[in-house]
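Read through the structure below, which is laid out as structure tokens, and then see the notes.
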Amino acid sequence: MTVQHDNACCCTAARRLTVDDLAVMREEYAARLHAPNMRHIFICGGTGCHATGSIAVKNRLVEEVAARGLTDTVRIVETGCNGFCALGPLLLVHPENIFYQKLAADDIPELVEEQLVHGRQVERLLYRDPQTKKPIPHFGDIPFFARQQPWTLRNKGVINPESVEDYIGRDGYRGTARALLEMTPESIVQEMLTSGLRGRGGAGFPTGMKWQFAQRSAGDVKYVLCNADEGDPGAFMDRSILEADPHAVLEGMIIAARAINAYQGYIYCRSEYPLAVRRVQIAIEQARALGLLGHNILGSGFDFDVEIYQGAGAFVCGEETALMRSIEGKRGMPRPRPPFPAHKGLWEKPTILNNVETLANVAQIMLNGGAWYASVGTEKSKGTKVFALSGDVNNIGLVEVPMGTPLRSIVYDIGGGIPKKRKLKAVQLGGPSGGCIPEAYLDVIIDYEEIAKVGAIMGSGGAIVMDDRTCMVDMARFFLDFIQDESCGKCTPCREGTRRQLELLEKICAGKGEDGDIELLEELSSMITESALCGLGQTASNPVLSALRYFRDEFDAHIKQKKCPAKRCAALLDFTVNADKCKKCGKCFQTCPVQAIAWQKKEVAVINRDICVRCMSCFEACPFDAID
Amino acid sequence: MSCCNHSHGVASGCCGTAENDSEITPEQWAEVHAIIARHKETPGALITVLREAQGVVGYFPIELLDCIAEGMNIPASDVFGVVSFYSLFSLNPKGRHTIKVCTGTACYVKGIREVINRIASEYGIREGETTEDRRFDLEGVRCLGACGLAPVMVVGEDTHGAVSADRVLELLKKYT
Ligand SMILES: Cc1cc2nc3c(=O)[nH]c(=O)nc-3n(C[C@H](O)[C@H](O)[C@H](O)COP(=O)(O)O)c2cc1C
Ligand code: SF4
Ligand code: SF4
Ligand code: FES
Ligand code: FES
């Protein structure tokens, strides 16, 4: 069997792979990767890097490599998100493992000349340690990568997500082959139970148990669904997995389907993720053409197929019962459970729904065994977890660490700490259902129960770092605004209760807070939590409660002293220039959209408060915090 | 049979008189009919049909909703209910360029509010509105999943990362 390389896909002509073919393809891939004198350039083609210009960089690279006659010895691979998005466009040179960052198309001729022709590094394009400013050429020496344990993300940045050969070359479909040819549905579930894998979509329900329920449900027709709605703001791991390694998700679905005997699966993907939709579509077509989806997968006699279903912009559709309604073509309204989807799900048939990240782990577990997976982590939280680290932190990107890692290590060792020498105030975990973890509790370890103890949740893994300029009252207001926007409106506590909460917080931020407002907020919180119909309403008050728990003094300052200590709430700001702090740089003057600021070289700026529209631009722009 | 007892001919339009004073061109009607025909038999395909139809027409004038309801054999009130539920769908004509500002947490922390304020004051539109000359729509999206580049804004198909209030107007100039 011959396999074509690069972007050309071999699957236009349908043929069916066997386990032996998989082994041959693995050997071919290894031979290609380790061929003497061959270089592989992995250039990031994730959404982030596309946005910063990686397509132009890649095109230039292709041109330049051709112009120098290196086409036979240099293979250029466009990968999915490498994880370190803030440094894009970026690329990795294999086998030397040199990491280049923040590239522009015009950097390419020099990079090709130096690195590929002469084997010398281009120092100015290397990553630099933020503290010592020394370049760190080797990918593996960069702290951001060195301390991670990529299991779920094992293929990110090193395969072409549009090439099934690359995927198979890196052990792809071996887990499926084992599950389909060597295991029974019962032993698949048993392996999942042993692994201890818990759902990565938020609630952390044991995946093996969910599958077991569905397996035991009676019915000829069952469904496997993949939740790729990723509604939590600040989370982008599902998107990255779909864009970088779509076959891993398909494998998870095939194995789940075999475990419960389902014939059809759907991937519910939000329409805001066009690149993910495209890559998954390509993966599905490739898998079908090779007999990895469809009839008689790998000659096992088992049939299963997958379709993509695109969402239409409703956060609540990430909730499982709402998601199923939405696939049925209706308004995505949640319904009470029970009956649970394992008994009555999509079209009233037994259904399992799993998150993208959950599914991406499954093939690995089949291949290496549940015990292998469970060997990492804490007592009740096994394996690794991917976080989307963002906000006020130096190294923004995707971070995969073993369960049990301290949060502090994620923020400081991997994340490189807080920029501009500011102080960390809190890390927000779990999105609108979660809470903030203040500096004092930063040593909490990554574990479902430990995180819950300090008032946040693991959630889907969005970790947003906030520095001391963040106002926690304003953040609470922000999350309620989100919830108000996204509440489906079916039940009154969520629809009306959160509106009242939002009004209260808006009032406090506007400087009109009164005694008793906090108590009212708390009362509303417990009422909504107890009576809302679905997870959205039940958890809507969490960000408020955790802000009140750790930052009550900030609420008091807003209500009693009419002050916003973090200086975020415009109504409570003075908008005057502090003459002592002003370094006369003129940045505020340049940025004011309504010319409310008078400034001359070497003079302290002055704000005319009659003209000022309180847009906060000057405040953001001043490098010396001189505006009060 | 096509929807509304009309043939699929390009010129035939749909639903009696409505097509005459509608902004939908005959070519667009033909595409809409083709979309309906393709998905008619698939249970649950309404949202897919709506998404594709909006891709053709740009928004949902009433006659288009009626046509889809009839074609898919779904009560018009249900179709309207679905359209109004999902934020992807619009009942009003859109501008030439849609500015999607991310109002997710990471972008909020990194200052998207100032960016929105600047766009709002320059073009006189708030979130959910269209400029009078239909040049821009301003839409808030709850996380675009590119938080690494926060604050993020998507104009048409282009994603712009690390936008700032200072830079945003310059950036919008090329979208005419
Ligand atoms: C309001 C709401 C929104 C949700 N959004 C998502 C989402 O975007 N992605 C996701 O995987 N799970 C989401 N969930 C959780 C799902 O309902 C479900 O628990 C999960 O997809 C199950 O997969 P898992 O067991 O693999 O985690 C959401 C839950 C609620 C209540
Ligand atoms: S809790 Fe909110 S989102 Fe959930 S059903 Fe009730 S109104 Fe809808
Ligand atoms: S808040 Fe805005 S309008 Fe007021 S002085 Fe500062 S930049 Fe000018
Ligand atoms: S998109 Fe390139 S590193 Fe994330
Ligand atoms: S919060 Fe803006 S892209 Fe995620």
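By convention in this document, the chains of the structure tokens carry letters A, B, ... by their order, each chain's residues are numbered from 1, and ligands are numbered from 1 in the order they are shown.
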Would you tabulate, counting only C-alpha atoms and all ligand atoms, all residues of chain A that have an atom at most 10 Å from an atom of ligand 5, showing the closest pair of atoms and their distance in Å to one decimal, sorted by chain then ascending number, as JSON lines?
{"residue": "A:Gly48", "atom": "CA", "partner": "ligand 5", "partner_atom_place_in_ligand_line": "3 (S)", "distance": 9.7}
{"residue": "A:Gly231", "atom": "CA", "partner": "ligand 5", "partner_atom_place_in_ligand_line": "4 (Fe)", "distance": 9.6}
{"residue": "A:Asp232", "atom": "CA", "partner": "ligand 5", "partner_atom_place_in_ligand_line": "4 (Fe)", "distance": 8.4}
{"residue": "A:Pro233", "atom": "CA", "partner": "ligand 5", "partner_atom_place_in_ligand_line": "1 (S)", "distance": 5.0}
{"residue": "A:Gly234", "atom": "CA", "partner": "ligand 5", "partner_atom_place_in_ligand_line": "4 (Fe)", "distance": 4.3}
{"residue": "A:Ala235", "atom": "CA", "partner": "ligand 5", "partner_atom_place_in_ligand_line": "4 (Fe)", "distance": 6.4}
{"residue": "A:Phe236", "atom": "CA", "partner": "ligand 5", "partner_atom_place_in_ligand_line": "4 (Fe)", "distance": 7.1}
{"residue": "A:Ala388", "atom": "CA", "partner": "ligand 5", "partner_atom_place_in_ligand_line": "4 (Fe)", "distance": 9.4}
{"residue": "A:Ser390", "atom": "CA", "partner": "ligand 5", "partner_atom_place_in_ligand_line": "1 (S)", "distance": 8.5}
{"residue": "A:Gly391", "atom": "CA", "partner": "ligand 5", "partner_atom_place_in_ligand_line": "1 (S)", "distance": 8.7}
{"residue": "A:Gly462", "atom": "CA", "partner": "ligand 5", "partner_atom_place_in_ligand_line": "4 (Fe)", "distance": 9.2}
{"residue": "A:Ile464", "atom": "CA", "partner": "ligand 5", "partner_atom_place_in_ligand_line": "1 (S)", "distance": 9.1}
For the selection you just gave me, I'd like the residues written to a file as a compact mmCIF listing (two decimals), in the first residue's frame, keeping N, CA, C and O atoms.
# COMPACT_ATOMS: atom_id res chain seq x y z
N GLY A 48 -5.98 31.36 16.17
CA GLY A 48 -5.20 32.47 16.69
C GLY A 48 -4.10 32.88 15.73
O GLY A 48 -3.94 34.06 15.38
N GLY A 231 -19.47 27.08 25.18
CA GLY A 231 -20.03 28.40 25.42
C GLY A 231 -19.31 29.20 26.48
O GLY A 231 -19.39 30.43 26.49
N ASP A 232 -18.61 28.55 27.39
CA ASP A 232 -17.96 29.29 28.48
C ASP A 232 -17.01 30.34 27.95
O ASP A 232 -16.07 29.99 27.23
N PRO A 233 -17.23 31.59 28.31
CA PRO A 233 -16.27 32.59 27.84
C PRO A 233 -14.91 32.36 28.50
O PRO A 233 -14.84 32.06 29.68
N GLY A 234 -13.87 32.48 27.71
CA GLY A 234 -12.54 32.26 28.25
C GLY A 234 -12.07 30.83 28.07
O GLY A 234 -10.98 30.48 28.48
N ALA A 235 -12.88 29.99 27.45
CA ALA A 235 -12.46 28.61 27.20
C ALA A 235 -12.28 28.42 25.70
O ALA A 235 -13.13 28.82 24.92
N PHE A 236 -11.16 27.84 25.30
CA PHE A 236 -10.97 27.57 23.88
C PHE A 236 -10.26 26.25 23.61
O PHE A 236 -9.72 26.02 22.55
N ALA A 388 -7.47 26.76 29.55
CA ALA A 388 -7.26 27.88 28.64
C ALA A 388 -6.90 29.05 29.53
O ALA A 388 -7.74 29.60 30.23
N SER A 390 -5.82 32.69 30.31
CA SER A 390 -5.88 33.99 29.63
C SER A 390 -6.05 35.11 30.66
O SER A 390 -6.03 34.86 31.86
N GLY A 391 -6.20 36.30 30.15
CA GLY A 391 -6.36 37.45 31.04
C GLY A 391 -5.02 38.11 31.34
O GLY A 391 -4.14 38.18 30.48
N GLY A 462 -11.64 27.10 31.65
CA GLY A 462 -11.23 28.47 31.37
C GLY A 462 -10.63 29.06 32.64
O GLY A 462 -11.28 29.03 33.69
N ILE A 464 -9.09 32.52 33.97
CA ILE A 464 -8.84 33.90 33.61
C ILE A 464 -8.18 34.61 34.79
O ILE A 464 -8.75 34.71 35.87
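Proximity to chain A at a cut-off of 6 Å picks out Gly44, Ala45, Leu46, Ile47, Val82, Tyr86, Ser87, Leu88, Gly104, Thr105, Ala106, Cys143, Gly145, Ala146, Cys147, Gly148, Leu149 and Thr159 of chain B on chain B, counting only C-alpha atoms.
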Save out the residues we just selected, all heavy atoms, as a compact mmCIF listing (two decimals), in the first residue's frame.
# COMPACT_ATOMS: atom_id res chain seq x y z
N GLY B 44 -35.66 17.50 11.92
CA GLY B 44 -34.81 18.39 12.70
C GLY B 44 -33.94 19.33 11.90
O GLY B 44 -33.05 19.98 12.44
N ALA B 45 -34.20 19.42 10.59
CA ALA B 45 -33.29 20.20 9.75
C ALA B 45 -33.61 21.70 9.73
O ALA B 45 -32.91 22.47 9.07
CB ALA B 45 -33.28 19.66 8.33
N LEU B 46 -34.64 22.12 10.48
CA LEU B 46 -35.07 23.52 10.38
C LEU B 46 -33.92 24.52 10.60
O LEU B 46 -33.75 25.46 9.83
CB LEU B 46 -36.21 23.79 11.37
CG LEU B 46 -36.67 25.25 11.42
CD1 LEU B 46 -37.21 25.71 10.08
CD2 LEU B 46 -37.74 25.45 12.50
N ILE B 47 -33.13 24.28 11.64
CA ILE B 47 -32.09 25.26 11.95
C ILE B 47 -31.04 25.30 10.84
O ILE B 47 -30.53 26.35 10.48
CB ILE B 47 -31.47 24.96 13.34
CG1 ILE B 47 -32.54 25.17 14.41
CG2 ILE B 47 -30.26 25.83 13.62
CD1 ILE B 47 -32.16 24.72 15.80
N VAL B 82 -38.15 29.78 16.62
CA VAL B 82 -36.76 29.34 16.51
C VAL B 82 -35.87 30.51 16.08
O VAL B 82 -34.81 30.75 16.65
CB VAL B 82 -36.65 28.15 15.52
CG1 VAL B 82 -35.19 27.88 15.17
CG2 VAL B 82 -37.29 26.91 16.11
N TYR B 86 -32.44 32.08 18.61
CA TYR B 86 -31.00 31.96 18.38
C TYR B 86 -30.41 33.29 17.90
O TYR B 86 -30.95 33.93 17.00
CB TYR B 86 -30.72 30.87 17.34
CG TYR B 86 -31.07 29.49 17.83
CD1 TYR B 86 -32.27 28.90 17.48
CD2 TYR B 86 -30.20 28.79 18.65
CE1 TYR B 86 -32.60 27.63 17.94
CE2 TYR B 86 -30.53 27.52 19.10
CZ TYR B 86 -31.71 26.94 18.75
OH TYR B 86 -32.03 25.68 19.20
N SER B 87 -29.29 33.64 18.49
CA SER B 87 -28.74 34.96 18.19
C SER B 87 -28.11 35.03 16.80
O SER B 87 -27.86 36.10 16.27
CB SER B 87 -27.71 35.36 19.24
OG SER B 87 -26.63 34.46 19.22
N LEU B 88 -27.89 33.87 16.18
CA LEU B 88 -27.32 33.87 14.83
C LEU B 88 -28.29 34.48 13.82
O LEU B 88 -27.89 35.02 12.79
CB LEU B 88 -26.99 32.43 14.43
CG LEU B 88 -26.31 32.20 13.08
CD1 LEU B 88 -24.87 32.69 13.14
CD2 LEU B 88 -26.33 30.72 12.70
N GLY B 104 -16.67 38.30 25.88
CA GLY B 104 -16.34 37.24 26.84
C GLY B 104 -15.44 37.77 27.95
O GLY B 104 -14.96 38.90 27.90
N THR B 105 -15.20 36.92 28.94
CA THR B 105 -14.50 37.37 30.13
C THR B 105 -13.07 37.84 29.86
O THR B 105 -12.65 38.89 30.35
CB THR B 105 -14.44 36.23 31.17
OG1 THR B 105 -15.63 35.49 31.08
CG2 THR B 105 -14.26 36.77 32.56
N ALA B 106 -12.34 37.04 29.08
CA ALA B 106 -10.94 37.40 28.86
C ALA B 106 -10.86 38.74 28.14
O ALA B 106 -10.02 39.59 28.46
CB ALA B 106 -10.24 36.32 28.04
N CYS B 143 -17.56 35.37 23.72
CA CYS B 143 -16.36 34.57 23.51
C CYS B 143 -16.27 33.97 22.12
O CYS B 143 -17.07 33.15 21.71
CB CYS B 143 -16.17 33.46 24.53
SG CYS B 143 -14.50 32.75 24.42
N GLY B 145 -13.59 32.37 21.27
CA GLY B 145 -12.67 31.25 21.37
C GLY B 145 -11.27 31.55 20.89
O GLY B 145 -10.52 30.67 20.50
N ALA B 146 -10.91 32.82 20.88
CA ALA B 146 -9.55 33.20 20.53
C ALA B 146 -8.99 34.05 21.66
O ALA B 146 -8.30 35.03 21.43
CB ALA B 146 -9.53 33.96 19.20
N CYS B 147 -9.28 33.62 22.88
CA CYS B 147 -8.98 34.44 24.06
C CYS B 147 -7.49 34.76 24.18
O CYS B 147 -7.12 35.71 24.85
CB CYS B 147 -9.44 33.74 25.31
SG CYS B 147 -10.97 32.82 25.12
N GLY B 148 -6.66 33.95 23.54
CA GLY B 148 -5.22 34.20 23.57
C GLY B 148 -4.87 35.54 22.96
O GLY B 148 -3.80 36.09 23.20
N LEU B 149 -5.77 36.05 22.14
CA LEU B 149 -5.49 37.30 21.45
C LEU B 149 -6.32 38.45 22.02
O LEU B 149 -6.44 39.50 21.41
CB LEU B 149 -5.81 37.17 19.96
CG LEU B 149 -5.17 35.99 19.24
CD1 LEU B 149 -5.68 35.93 17.81
CD2 LEU B 149 -3.67 36.13 19.25
N THR B 159 -10.35 38.02 11.64
CA THR B 159 -10.19 38.11 13.09
C THR B 159 -9.07 39.08 13.41
O THR B 159 -7.98 38.98 12.87
CB THR B 159 -9.84 36.73 13.67
OG1 THR B 159 -10.82 35.79 13.25
CG2 THR B 159 -9.81 36.77 15.19
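Residue nearest Glu23 in chain B, chosen from B:Asn92, B:Thr48, B:Asn117, B:Thr42 and counting only C-alpha atoms: B:Asn92.
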Residues within 6 Å of ligand 2, counting only C-alpha atoms and all ligand atoms: report them as a list in words.
-> Val316, Pro334, Ser487, Cys488, Gly489, Lys490, Cys491, Cys494, Arg495, Ala532, Leu533, Cys534, Leu536 and Gly537 of chain A
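Minimum atom-to-atom distance to Tyr223 in chain A, evaluated using only C-alpha atoms, belongs to A:Ala257 out of A:Ile446, A:Ala257, A:Leu242, A:Leu103.
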Protein and nucleic acid residues within 9 Å of ligand 1 (only C-alpha atoms and all ligand atoms) as a ChimeraX atom specification | /A:198-207,210,225-232,238,270,315-323,334,352-359,432-433,459-460,486-487,534-540
What does the file look like for those residues with N, CA and C atoms, as a short mmCIF file (atom, residue, chain, number, x, y, z; two decimals), in the first residue's frame?
data_model
loop_
_atom_site.label_atom_id
_atom_site.label_comp_id
_atom_site.auth_asym_id
_atom_site.auth_seq_id
_atom_site.Cartn_x
_atom_site.Cartn_y
_atom_site.Cartn_z
N ARG A 198 -13.33 11.65 34.21
CA ARG A 198 -14.57 12.36 34.50
C ARG A 198 -14.81 13.39 33.41
N GLY A 199 -16.08 13.65 33.14
CA GLY A 199 -16.45 14.54 32.03
C GLY A 199 -15.78 15.90 32.15
N ARG A 200 -15.20 16.34 31.03
CA ARG A 200 -14.46 17.60 31.04
C ARG A 200 -15.32 18.80 30.65
N GLY A 201 -16.63 18.57 30.47
CA GLY A 201 -17.51 19.66 30.03
C GLY A 201 -17.98 20.54 31.17
N GLY A 202 -17.69 20.15 32.41
CA GLY A 202 -18.09 21.02 33.51
C GLY A 202 -18.37 20.27 34.80
N ALA A 203 -19.33 19.35 34.75
CA ALA A 203 -19.80 18.77 36.00
C ALA A 203 -18.89 17.65 36.52
N GLY A 204 -18.08 17.06 35.67
CA GLY A 204 -17.14 16.05 36.12
C GLY A 204 -17.78 14.71 36.44
N PHE A 205 -18.83 14.36 35.75
CA PHE A 205 -19.49 13.07 35.97
C PHE A 205 -18.63 11.95 35.36
N PRO A 206 -18.46 10.83 36.10
CA PRO A 206 -17.60 9.75 35.57
C PRO A 206 -18.10 9.24 34.21
N THR A 207 -17.23 9.27 33.24
CA THR A 207 -17.63 8.91 31.87
C THR A 207 -18.05 7.45 31.77
N LYS A 210 -21.59 6.98 32.92
CA LYS A 210 -22.56 7.49 31.95
C LYS A 210 -22.76 6.46 30.82
N LEU A 225 -23.46 11.70 21.17
CA LEU A 225 -23.31 13.10 20.80
C LEU A 225 -22.03 13.68 21.36
N CYS A 226 -21.46 14.57 20.60
CA CYS A 226 -20.27 15.28 21.07
C CYS A 226 -20.64 16.74 21.29
N ASN A 227 -20.41 17.22 22.47
CA ASN A 227 -20.73 18.61 22.81
C ASN A 227 -19.55 19.51 22.44
N ALA A 228 -19.66 20.17 21.30
CA ALA A 228 -18.61 21.10 20.86
C ALA A 228 -19.20 22.50 20.81
N ASP A 229 -20.03 22.80 21.81
CA ASP A 229 -20.68 24.11 21.84
C ASP A 229 -19.77 25.15 22.51
N GLU A 230 -18.95 24.67 23.42
CA GLU A 230 -17.97 25.52 24.12
C GLU A 230 -18.44 26.95 24.35
N GLY A 231 -19.47 27.08 25.18
CA GLY A 231 -20.03 28.40 25.42
C GLY A 231 -19.31 29.20 26.48
N ASP A 232 -18.61 28.55 27.39
CA ASP A 232 -17.96 29.29 28.48
C ASP A 232 -17.01 30.34 27.95
N ASP A 238 -11.65 23.20 23.50
CA ASP A 238 -12.41 22.33 22.60
C ASP A 238 -12.17 22.75 21.15
N ARG A 270 -20.52 24.87 17.65
CA ARG A 270 -21.04 26.24 17.51
C ARG A 270 -20.59 26.84 16.18
N PHE A 315 -26.09 30.12 24.31
CA PHE A 315 -25.24 29.51 25.34
C PHE A 315 -25.93 28.32 25.98
N VAL A 316 -27.23 28.46 26.23
CA VAL A 316 -27.94 27.42 26.96
C VAL A 316 -27.95 26.10 26.18
N CYS A 317 -27.73 26.14 24.87
CA CYS A 317 -27.69 24.91 24.08
C CYS A 317 -26.51 24.02 24.42
N GLY A 318 -25.57 24.48 25.22
CA GLY A 318 -24.52 23.61 25.71
C GLY A 318 -25.04 22.66 26.77
N GLU A 319 -26.13 23.02 27.40
CA GLU A 319 -26.76 22.16 28.40
C GLU A 319 -27.34 20.96 27.67
N GLU A 320 -27.22 19.78 28.28
CA GLU A 320 -27.46 18.57 27.48
C GLU A 320 -28.87 18.44 26.92
N THR A 321 -29.89 18.69 27.74
CA THR A 321 -31.24 18.50 27.22
C THR A 321 -31.58 19.57 26.18
N ALA A 322 -31.06 20.79 26.39
CA ALA A 322 -31.30 21.86 25.42
C ALA A 322 -30.60 21.54 24.10
N LEU A 323 -29.40 20.99 24.20
CA LEU A 323 -28.64 20.64 23.00
C LEU A 323 -29.42 19.62 22.15
N PRO A 334 -34.02 23.80 27.90
CA PRO A 334 -33.75 22.63 28.74
C PRO A 334 -35.06 22.05 29.26
N ILE A 352 -25.85 9.21 24.74
CA ILE A 352 -24.82 9.79 25.59
C ILE A 352 -24.24 11.03 24.93
N LEU A 353 -24.00 12.00 25.79
CA LEU A 353 -23.41 13.26 25.35
C LEU A 353 -22.11 13.43 26.10
N ASN A 354 -21.04 13.65 25.36
CA ASN A 354 -19.76 13.92 26.01
C ASN A 354 -19.11 15.15 25.38
N ASN A 355 -18.32 15.77 26.20
CA ASN A 355 -17.57 16.94 25.79
C ASN A 355 -16.40 16.55 24.86
N VAL A 356 -15.95 17.48 24.06
CA VAL A 356 -14.85 17.24 23.11
C VAL A 356 -13.60 16.71 23.81
N GLU A 357 -13.21 17.40 24.88
CA GLU A 357 -11.98 17.01 25.58
C GLU A 357 -12.12 15.61 26.19
N THR A 358 -13.29 15.32 26.74
CA THR A 358 -13.53 13.99 27.29
C THR A 358 -13.29 12.93 26.21
N LEU A 359 -13.92 13.14 25.06
CA LEU A 359 -13.83 12.15 23.98
C LEU A 359 -12.41 12.02 23.45
N PRO A 432 -19.26 31.29 33.82
CA PRO A 432 -20.41 31.86 34.51
C PRO A 432 -20.99 30.94 35.59
N SER A 433 -20.57 29.68 35.61
CA SER A 433 -21.05 28.81 36.68
C SER A 433 -20.01 28.71 37.80
N GLY A 459 -15.16 23.41 36.02
CA GLY A 459 -15.82 23.85 34.79
C GLY A 459 -15.15 23.24 33.59
N SER A 460 -15.20 23.96 32.49
CA SER A 460 -14.59 23.41 31.30
C SER A 460 -13.10 23.73 31.25
N GLU A 486 -28.25 35.22 28.28
CA GLU A 486 -28.28 33.85 27.80
C GLU A 486 -29.36 32.99 28.42
N SER A 487 -30.02 33.47 29.45
CA SER A 487 -31.11 32.71 30.04
C SER A 487 -32.15 32.44 28.97
N CYS A 534 -32.59 24.51 35.16
CA CYS A 534 -31.41 23.85 34.60
C CYS A 534 -30.13 24.41 35.20
N GLY A 535 -29.05 23.83 34.82
CA GLY A 535 -27.75 24.19 35.36
C GLY A 535 -27.41 25.65 35.20
N LEU A 536 -27.93 26.27 34.16
CA LEU A 536 -27.59 27.68 33.94
C LEU A 536 -28.08 28.53 35.10
N GLY A 537 -29.36 28.40 35.42
CA GLY A 537 -29.92 29.18 36.52
C GLY A 537 -29.40 28.73 37.87
N GLN A 538 -29.23 27.41 38.00
CA GLN A 538 -28.79 26.88 39.30
C GLN A 538 -27.41 27.38 39.70
N THR A 539 -26.59 27.69 38.72
CA THR A 539 -25.23 28.11 39.03
C THR A 539 -25.01 29.60 38.77
N ALA A 540 -26.06 30.29 38.34
CA ALA A 540 -25.90 31.68 37.91
C ALA A 540 -25.36 32.59 39.01
#
Write out as an MDAnalysis selection string each polymer residue (protein, DNA or RNA) that has an atom no more than 10 Å from ligand 3, with only C-alpha atoms and all ligand atoms counted.
-> (chainID A and resid 570 573:577 587:598 605:622 627) or (chainID B and resid 114 117:118)
Just the residues within 12 Å of Leu171 in chain B, please, counting only C-alpha atoms, with nothing from its chain fewer than 2 positions along; format it as a PyMOL selection string.
-> chain B and resi 99+115+119+153-155+158-169+173-176
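Proximity of A:Ala276, A:Ala342, A:Ile414, A:Leu407 to Arg147 in chain A, computed with only C-alpha atoms, is greatest for A:Ile414.
Proximity of A:Glu162, A:Asp481, A:Asp474, A:Glu78 to ligand 4, computed with only C-alpha atoms and all ligand atoms, is greatest for A:Glu78.
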Enumerate, as a ChimeraX atom specification, the complete set of residues in range 374-596 of chain A that a backbone-based DSSP assignment places in alpha helix (DSSP H).
-> /A:374,407-408,448-453,472-486,492,498-509,517-531,535-539,542-559,587-591
Which is closer to ligand 4 than all the others in A:Ala104, A:Ile528, A:Val249, A:Cys44, using only C-alpha atoms and all ligand atoms?
-> A:Cys44
Step one, run DSSP on the backbone; step two, keep only residues of range 262-424 of chain A assigned to strand (DSSP E); then write them as an NGL selection string.
-> :A and (264-269 or 305-310 or 351-355 or 384-391 or 397-402 or 424)
Give me the residues within 12 Å of Glu132 in chain B as a list in words, counting only C-alpha atoms and dropping any in the same chain fewer than 2 places off.
-> Pro93, Lys94, Gly95, Arg96, Tyr123, Gly124, Ile125, Glu129, Thr130, Arg134, Arg135, Phe136 and Asp137 of chain B
Who sits within 10 Å of range 175-188 of chain A, only C-alpha atoms, same chain under 4 positions skipped, as a VMD selection string = chain A and resid 18 to 19 22 171 192 to 194 208 211 to 212 215 to 216 248 250 to 261 292 297 to 302 362 to 370
For each of A:Leu290, A:Ala557, A:Ala244, A:Ile483, take the minimum atom-to-atom distance to ligand 4, counting only C-alpha atoms and all ligand atoms, then give the residue where this is smallest.
-> A:Ala244
